[in-house]
Structure formats: structure tokens, C-alpha cells
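Chemist: Can you read through this structure? Questions will come right after.
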Amino acid sequence: MKFFGVAPIRYLDSAGGDEPSATRASFELTVATALRMEELGFDGFGVGERHHWPFLSSAPPVVLAHVAALTSRIRLFTGVTVLSMLDPVRAAEDYATLDQLSGGRVELIVGKGAGPGGEVFGLTPDEQRPALADNFRLLHELWTRDSVTWPAGRRPRLDDFHLLPRPLNGRPRIWHGSSSSAESLELAAEYGDPVVFSNAGLSSESARPLVEYYRAAWARHGRPADRLFTGAGTPGFLVAKTSQAALAAYRPAFERLAAMQRSIGGRPPFASVEEFVAHSPALVGSPEQVIDKVHRQHEIFGHSLAVFSVDPDGLPLDDHWTSLELFATEVAPALRTSLPDPPP
């Protein structure tokens, strides 16, 4: 099993000082986390994409290019690239450039995205999912063909267009992020791509119908069963020496996240941190608890990739660094042994 950590890059209002200072502190912590994750042996580091308060992750290629210059091994990914809102030519150029600069370390997780933001780019909520499918198909063509001709539609027509630069080693791996959409699963199966089940707001068990749908769609498209790969996301992450310490440390983070969800018109799906940790896919607990929970999730997802937030969520930095270290030294080795990677 491989382990990717994604940083939403939230504005650190707890950093003190004026807004520019807090913004700078937020980016510095994100970069420091990426460097520490490479040191600890994590497989991938990613940046989410959001275009609304309190997130600062509106330009993932820029942040990841900076991280690429300071690292040498860790995979660089997005979680998710909100491809419905982007010009696929611009996205193809940006991420191909990043792939070249990083030595071929780029992977994308594409999705419709969550929260507000579509209207900033001229899309209604009903338009976002069709736009995602259209833009993904063009992105795939741009990364797999030397010359692309594409009819006018959501963007101007392309005639014999040659993308520059090209990705370093052919099309980077693209994962499709899905929490509720059969359309995304169908698109992934059609193109032979893996899926990350984000499943951030509900129980893992509630995602079982989506997992079964993807497996059926994969077979329906004639794909070999041993080439089907999945990932599973989590809405919360904190590892501590004991379950009591983990719960106490994570409680303020849960309360802040619930308040943020309400502030943007959402409704937190869990009433308390105890309910959240017990019934959501959150990986919050002692190393033994986290290992057990990943195994239980694996029974549903069969996943070979675990994706989790490594934003400290306002936690004390000592807890943040200790959590990453405990995962790397006590959780990851056990899971790599008991849930080995499938064939490449």
C-alpha cells in the first residue's frame, strides 16, 4: 500500500499578525510538511484546489513546482484538480511543465470539486459535471497525441494543435476522485484509470455501492481485473500514542472544521468528534486503531492507495509532526507488509 498526504492549505488565522504574515506562514507550513513527508518515506504529497475562503490552494501547480525544487523522490499530485473549471489546454501545459521539472513525478486526481467556486469560472452547479467529462477527454488527447484537432464547444476550436511541453514519460497517471458520482466512475473505467473514493462526509460502508459499480463498469469495458486500482480518502487524520490522546487533540480541529462547513452553507454530517471518529473514514487514533481501521476500509475498497489530509487543522505543531512520525514509523510499515502493493 502507498500513502499520499494532501494539504488543503487553509489560511492560518491562528498565526497572528496581519493577513500577509498569516498567508506566508500557511505556505511555509505546507512546504515544511512536504519536506518532512519525503524524509519520513511517504509516497506522495499533494495540494488540493479551492477557490474560496479560507483556502489558499488556488494555484496547485505553483506550489508543487516549489516543492519539486526542494525534493527528489516524493510523488507530486493534486487532490483534486478541479478540471471542470479549468481550460484543459492550460492544465495540460502547466502539469506537463511540472512533470518535466520534477523528473516525471506528477500524478493528478481530477474531480468536479466540492464547495463554492464554479460561479467564479462561469459555471452553474449543473454544468460542472458535464464540463469535467469534456475537459478530461481533451486533456487525455493532449497528453496522448502529437497533434490534436478538437471541435469548438466549451472552449475555442483546436486545429492540428501540438502541446508543448510534453509530459516526461507519456501521460501521467490520472486518478478520478469520486464521492457520489457514477458518471466519474464510468469515465474512469472507459479510460482504464484508477479511482480515489473521497468519501469524506459519510461512512465507508455507504461507499460500497459505488465501489461495486466501478468494478462492474471496469469489467463491462473489457478491462482485466488485475489492472483495477483504487484509493480511499479520509476527512481527518491524527495519530497519537493512545486513543484518548488522539481524540483530545483532534477535538478542536473537528469543531473548527464543522464551523467552517456551516460558514459556507454546509451541514456537518457528524454531531460530535466521537461520532466522527467512530463512523467516518477518519484515521484518528492510536497506531493500532489506525491500522485496524485501514484494514476494515480495505475490505470495502480493496484499495492500494490511502490519501489523507496532512493539514494540521490548527493543531499544535508538536502534535502535527508527531502524528506524521508515528504514521511513518508504526502504521505505514505494518500496512505495507499486510497490504502489499499490487503488480505495477
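Here, A, B, ... name the chains of the C-alpha cells in the order displayed, residue numbers run from 1 inside each chain, and ligands are numbered from 1 in the same displayed order.
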Skip Glu186 (chain A) itself and residues of its chain fewer than 4 positions away, then list as a list in words all residues within 9 Å of it, counting only C-alpha atoms.
Modeler: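 Counting only the stated atoms, we get Ser181, Ala182, Glu190, Tyr191, Tyr213, Tyr214, Ala217 and Trp218 of chain A.
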Chemist: Dump N, CA and C atoms for the selected residues as an mmCIF file, in the first residue's frame?
Modeler:
data_model
loop_
_atom_site.group_PDB
_atom_site.id
_atom_site.type_symbol
_atom_site.label_atom_id
_atom_site.label_comp_id
_atom_site.auth_asym_id
_atom_site.auth_seq_id
_atom_site.Cartn_x
_atom_site.Cartn_y
_atom_site.Cartn_z
ATOM 1 N N SER A 181 -20.576 10.099 -7.557
ATOM 2 C CA SER A 181 -20.949 10.171 -8.962
ATOM 3 C C SER A 181 -20.639 8.891 -9.732
ATOM 4 N N ALA A 182 -21.665 8.262 -10.266
ATOM 5 C CA ALA A 182 -21.462 7.129 -11.165
ATOM 6 C C ALA A 182 -20.836 7.585 -12.476
ATOM 7 N N GLU A 190 -13.901 3.686 -18.584
ATOM 8 C CA GLU A 190 -13.763 3.813 -20.039
ATOM 9 C C GLU A 190 -12.304 4.024 -20.438
ATOM 10 N N TYR A 191 -11.580 4.821 -19.660
ATOM 11 C CA TYR A 191 -10.197 5.154 -19.999
ATOM 12 C C TYR A 191 -9.174 4.279 -19.277
ATOM 13 N N TYR A 213 -20.102 -0.568 -8.341
ATOM 14 C CA TYR A 213 -20.429 -0.023 -9.662
ATOM 15 C C TYR A 213 -19.162 0.120 -10.504
ATOM 16 N N TYR A 214 -18.098 0.630 -9.890
ATOM 17 C CA TYR A 214 -16.841 0.811 -10.622
ATOM 18 C C TYR A 214 -16.288 -0.523 -11.100
ATOM 19 N N ALA A 217 -18.363 -1.598 -14.023
ATOM 20 C CA ALA A 217 -18.075 -0.789 -15.216
ATOM 21 C C ALA A 217 -16.726 -1.173 -15.805
ATOM 22 N N TRP A 218 -15.755 -1.461 -14.962
ATOM 23 C CA TRP A 218 -14.427 -1.891 -15.405
ATOM 24 C C TRP A 218 -14.533 -3.168 -16.237
#
Chemist: Using only C-alpha atoms, which residue out of A:Ile264, A:Ala328, A:Ile300, A:Lys293 lies closest to Ala278 (chain A)?
Modeler: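 Using only C-alpha atoms, the shortest distance to Ala278 (chain A) belongs to A:Lys293.
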Chemist: Counting only C-alpha atoms, which of A:Ala133, A:Pro156, A:Leu138, A:Pro60 gets nearest to Leu187 (chain A)?
Modeler: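 Closest candidate: A:Ala133.
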Chemist: Among the residues of region 258-308 of chain A, find those DSSP assigns to strand (DSSP E) from the backbone and print them as a list in words.
Modeler: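 In region 258-308 of chain A, DSSP puts these residues in strand (DSSP E): Leu283, Val284, Gly285, Leu305, Ala306, Val307 and Phe308 of chain A.
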Chemist: Just the selected residues (all heavy atoms), exported as a PDB file, in the first residue's frame, please.
Modeler:
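Once everything was written out, this is part.pdb:
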ATOM      1  N   LEU A 283      -8.983   8.771  10.011  1.00  0.00           N
ATOM      2  CA  LEU A 283      -7.913   7.983  10.625  1.00  0.00           C
ATOM      3  C   LEU A 283      -7.382   8.756  11.827  1.00  0.00           C
ATOM      4  O   LEU A 283      -6.366   9.446  11.766  1.00  0.00           O
ATOM      5  CB  LEU A 283      -6.807   7.706   9.611  1.00  0.00           C
ATOM      6  CG  LEU A 283      -7.221   6.919   8.359  1.00  0.00           C
ATOM      7  CD1 LEU A 283      -6.042   6.716   7.425  1.00  0.00           C
ATOM      8  CD2 LEU A 283      -7.855   5.583   8.729  1.00  0.00           C
ATOM      9  N   VAL A 284      -8.104   8.676  12.909  1.00  0.00           N
ATOM     10  CA  VAL A 284      -7.774   9.373  14.148  1.00  0.00           C
ATOM     11  C   VAL A 284      -7.728   8.340  15.261  1.00  0.00           C
ATOM     12  O   VAL A 284      -8.720   7.658  15.521  1.00  0.00           O
ATOM     13  CB  VAL A 284      -8.807  10.471  14.477  1.00  0.00           C
ATOM     14  CG1 VAL A 284      -8.498  11.115  15.826  1.00  0.00           C
ATOM     15  CG2 VAL A 284      -8.840  11.530  13.376  1.00  0.00           C
ATOM     16  N   GLY A 285      -6.558   8.186  15.905  1.00  0.00           N
ATOM     17  CA  GLY A 285      -6.445   7.216  16.983  1.00  0.00           C
ATOM     18  C   GLY A 285      -5.011   6.818  17.227  1.00  0.00           C
ATOM     19  O   GLY A 285      -4.070   7.450  16.732  1.00  0.00           O
ATOM     20  N   LEU A 305      -4.031   2.572  -2.311  1.00  0.00           N
ATOM     21  CA  LEU A 305      -3.574   3.925  -2.039  1.00  0.00           C
ATOM     22  C   LEU A 305      -4.455   4.531  -0.955  1.00  0.00           C
ATOM     23  O   LEU A 305      -5.683   4.524  -1.069  1.00  0.00           O
ATOM     24  CB  LEU A 305      -3.656   4.791  -3.302  1.00  0.00           C
ATOM     25  CG  LEU A 305      -3.321   6.279  -3.121  1.00  0.00           C
ATOM     26  CD1 LEU A 305      -1.838   6.463  -2.812  1.00  0.00           C
ATOM     27  CD2 LEU A 305      -3.706   7.082  -4.358  1.00  0.00           C
ATOM     28  N   ALA A 306      -3.830   5.036   0.104  1.00  0.00           N
ATOM     29  CA  ALA A 306      -4.542   5.774   1.140  1.00  0.00           C
ATOM     30  C   ALA A 306      -4.173   7.248   1.018  1.00  0.00           C
ATOM     31  O   ALA A 306      -2.989   7.601   1.016  1.00  0.00           O
ATOM     32  CB  ALA A 306      -4.164   5.250   2.526  1.00  0.00           C
ATOM     33  N   VAL A 307      -5.182   8.095   0.891  1.00  0.00           N
ATOM     34  CA  VAL A 307      -4.986   9.531   0.740  1.00  0.00           C
ATOM     35  C   VAL A 307      -5.590  10.224   1.956  1.00  0.00           C
ATOM     36  O   VAL A 307      -6.750   9.997   2.276  1.00  0.00           O
ATOM     37  CB  VAL A 307      -5.658  10.062  -0.544  1.00  0.00           C
ATOM     38  CG1 VAL A 307      -5.389  11.559  -0.706  1.00  0.00           C
ATOM     39  CG2 VAL A 307      -5.168   9.310  -1.769  1.00  0.00           C
ATOM     40  N   PHE A 308      -4.804  11.052   2.632  1.00  0.00           N
ATOM     41  CA  PHE A 308      -5.340  11.696   3.827  1.00  0.00           C
ATOM     42  C   PHE A 308      -4.800  13.116   3.946  1.00  0.00           C
ATOM     43  O   PHE A 308      -3.727  13.446   3.423  1.00  0.00           O
ATOM     44  CB  PHE A 308      -4.996  10.903   5.095  1.00  0.00           C
ATOM     45  CG  PHE A 308      -3.581  10.433   5.168  1.00  0.00           C
ATOM     46  CD1 PHE A 308      -2.599  11.228   5.718  1.00  0.00           C
ATOM     47  CD2 PHE A 308      -3.225   9.187   4.672  1.00  0.00           C
ATOM     48  CE1 PHE A 308      -1.294  10.800   5.782  1.00  0.00           C
ATOM     49  CE2 PHE A 308      -1.920   8.750   4.736  1.00  0.00           C
ATOM     50  CZ  PHE A 308      -0.944   9.561   5.291  1.00  0.00           C
TER      51      PHE A 308
END
